[in-house]
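Student: Quick one: this structure, given as structure tokens, is what I'll be asking you about.
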Amino acid sequence: MARQARNTLQSNLVLVTQNCNGLLYRDDLDRHFFLDLLKKVQANFNCHILAFCCNENDRFQIIIDTQGANISKIVQSLTIAYSMHRKSETKLFTQRFKTKAILSEEHLKYVIQEIQKNKDEFAACCMMSETMSRYDWMKPYNPIIFIQPEKIKEKLSIEDVRNQLNDLLIRKQLNIIEFKKNKPLRYEWIKNLRQKYDCNLKCLAEVLGITESSVSKIINTVEQ
């Protein structure tokens with residue numbers, strides 16, 4: 001079955017867990033390199049890294065305040081850069097990362113306590129002064145402003161839109177020609193996609209094989 005796009009996030013604050021296929025870190029030098037990448041990712045995406053744990057050999061965990069940035073792009077940037085450094089003979093990340101929404105400050109403190117249990121120097125959070133002194137690039141802790149869920153939508157790539165359409169065709173037992181002829185279904189699909197995800201005209205136009213102006217007219221019709 002086609003890969004599903006990641007659902008709209010429930011919160012701007014998320015725990016990310018990425019498992020690895022095999023040995024993720026060969027030594028502490030690899031861990032330091034990973035943390036350097038994490039620092040760069042925070043700067044490039046203007047997000048806030050509130051906690052991390054990278055002392056386990058087969059996964060990493062990070063708590064991110066996305067500040068509205070795309071979580072998939074954040075994690076992809078991190079894993080691609082680290083994979084290039086690691087130069088493993090096998091693919092390091094064969095599974096998609098997992099996210100868990102953090103919905104309150106109490107929840108945040110609980111999650112941090114869980115990932116900090118029995119960890120060494122390669123686990124830190126913005127609430128612990130001793131780790132802040134070692135990792136001064138981490139943002140100081142401030143009360144989190146939780147963005148309303150409806151304001152955060154996962155941005156879809158062309159591949160994601162194509163996967164969404166393929167899944168619909170399978171469910172409805174239609175081919176693409178039949179889908180294009182079924183105007184009510186086509187309009188409803190576009191409407192639902194736009195409500196759930198951040199999906200631009202270019203992606204829709206390329207997948208549907210029509211012009212962006214045609215897509216714009218459809219959107220103006222279904223979103224009125």
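Each chain in the structure tokens gets a letter, A, B and so on, in the order shown; residues start at 1 in every chain, and ligands are counted from 1 in the order they appear.
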Set the distance at 8 Å and use only C-alpha atoms: which residues neighbour A:Lys39 once local chain neighbours fewer than 4 positions away are removed? I'd like the list as a list in words.
Tutor: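 The filter keeps Leu35, Ala43, Trp137 and Met138 of chain A.
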Student: Next, dump the selected residues to file, keeping only C-alpha atoms, as a PDB file, in the first residue's frame.
Tutor:
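Output saved as again.pdb:
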```
ATOM      1  CA  LEU A  35      24.773  16.835  18.271  1.00  0.00           C
ATOM      2  CA  ALA A  43      19.382  27.219  13.577  1.00  0.00           C
ATOM      3  CA  TRP A 137      23.224  26.148  21.947  1.00  0.00           C
ATOM      4  CA  MET A 138      20.012  24.768  23.462  1.00  0.00           C
TER       5      MET A 138
END
```
Student: Output as an NGL selection string all residues of stretch 24-224 of chain A that backbone DSSP marks as strand (DSSP E).
Tutor: :A and (48-53 or 59-65 or 98-101 or 123-125)
Student: Go ahead and save the residues from that selection, with C-alpha atoms, as an mmCIF file, in the first residue's frame.
Tutor:
```
data_model
loop_
_atom_site.group_PDB
_atom_site.id
_atom_site.type_symbol
_atom_site.label_atom_id
_atom_site.label_comp_id
_atom_site.auth_asym_id
_atom_site.auth_seq_id
_atom_site.Cartn_x
_atom_site.Cartn_y
_atom_site.Cartn_z
ATOM 1 C CA HIS A 48 13.730 24.831 19.545
ATOM 2 C CA ILE A 49 15.417 21.633 20.719
ATOM 3 C CA LEU A 50 14.186 21.207 24.294
ATOM 4 C CA ALA A 51 15.700 17.800 25.035
ATOM 5 C CA PHE A 52 17.601 14.976 23.378
ATOM 6 C CA CYS A 53 18.909 11.511 24.083
ATOM 7 C CA ARG A 59 17.951 5.144 18.127
ATOM 8 C CA PHE A 60 17.756 8.801 19.035
ATOM 9 C CA GLN A 61 15.029 10.846 20.705
ATOM 10 C CA ILE A 62 14.509 14.591 20.592
ATOM 11 C CA ILE A 63 11.848 16.925 21.915
ATOM 12 C CA ILE A 64 11.208 19.763 19.491
ATOM 13 C CA ASP A 65 9.136 22.894 19.616
ATOM 14 C CA LYS A 98 7.546 8.338 15.250
ATOM 15 C CA THR A 99 6.063 11.444 16.823
ATOM 16 C CA LYS A 100 4.162 11.883 20.062
ATOM 17 C CA ALA A 101 2.356 15.160 20.644
ATOM 18 C CA ALA A 123 21.083 13.156 27.226
ATOM 19 C CA ALA A 124 20.184 16.733 28.036
ATOM 20 C CA CYS A 125 17.241 19.058 28.409
#
```
Student: Please return as a count of residues only: the residues of chain A that backbone DSSP assigns to helix (DSSP H, G or I).
Tutor: 109
Student: Find the distance between atom CA of A:Ser77 and atom CA of A:Pro140 and write it in Å to one decimal.
Tutor: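 If I compute the distance from atom CA of A:Ser77 to atom CA of A:Pro140, I get 23.3 Å.
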Student: Which polymer residues have any atom within 12 Å of an atom of A:Leu29, counting only C-alpha atoms, with same-chain residues fewer than 6 positions away left out, as a ChimeraX atom specification?
Tutor: /A:35-36,54-55,85-86,122
Student: What's around stretch 172-185 of chain A at 12 Å? Count only C-alpha atoms, leave out sequence neighbours fewer than 3 positions away in its own chain, and write the answer as a list in words.
Tutor: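 What passes the distance filter is Arg162, Leu165, Asn166, Asp167, Leu168, Leu169, Glu188, Trp189, Ile190, Lys191, Asn192, Val207, Leu208, Gly209, Ile210, Ile218, Thr221 and Val222 of chain A.
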Student: For the atom pair atom CA of A:Asn163 and atom CA of A:Lys73, what is the interatomic distance in Å to one decimal place?
Tutor: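 Calculated distance between atom CA of A:Asn163 and atom CA of A:Lys73 is 17.9 Å.
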Student: Pick the closest to A:Leu37 from A:Leu15, A:Leu201, A:Val75, A:Leu193: which is it, counting only C-alpha atoms?
Tutor: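 Distance minimum relative to A:Leu37 lands on A:Val75.
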Student: Name the closest residue to A:Val161 among the candidates A:Lys91, A:Lys202, A:Arg96, A:His32; distances are taken between atoms, counting only C-alpha atoms.
Tutor: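 Between A:Lys91, A:Lys202, A:Arg96, A:His32, the residue approaching A:Val161 most closely is A:Lys202.
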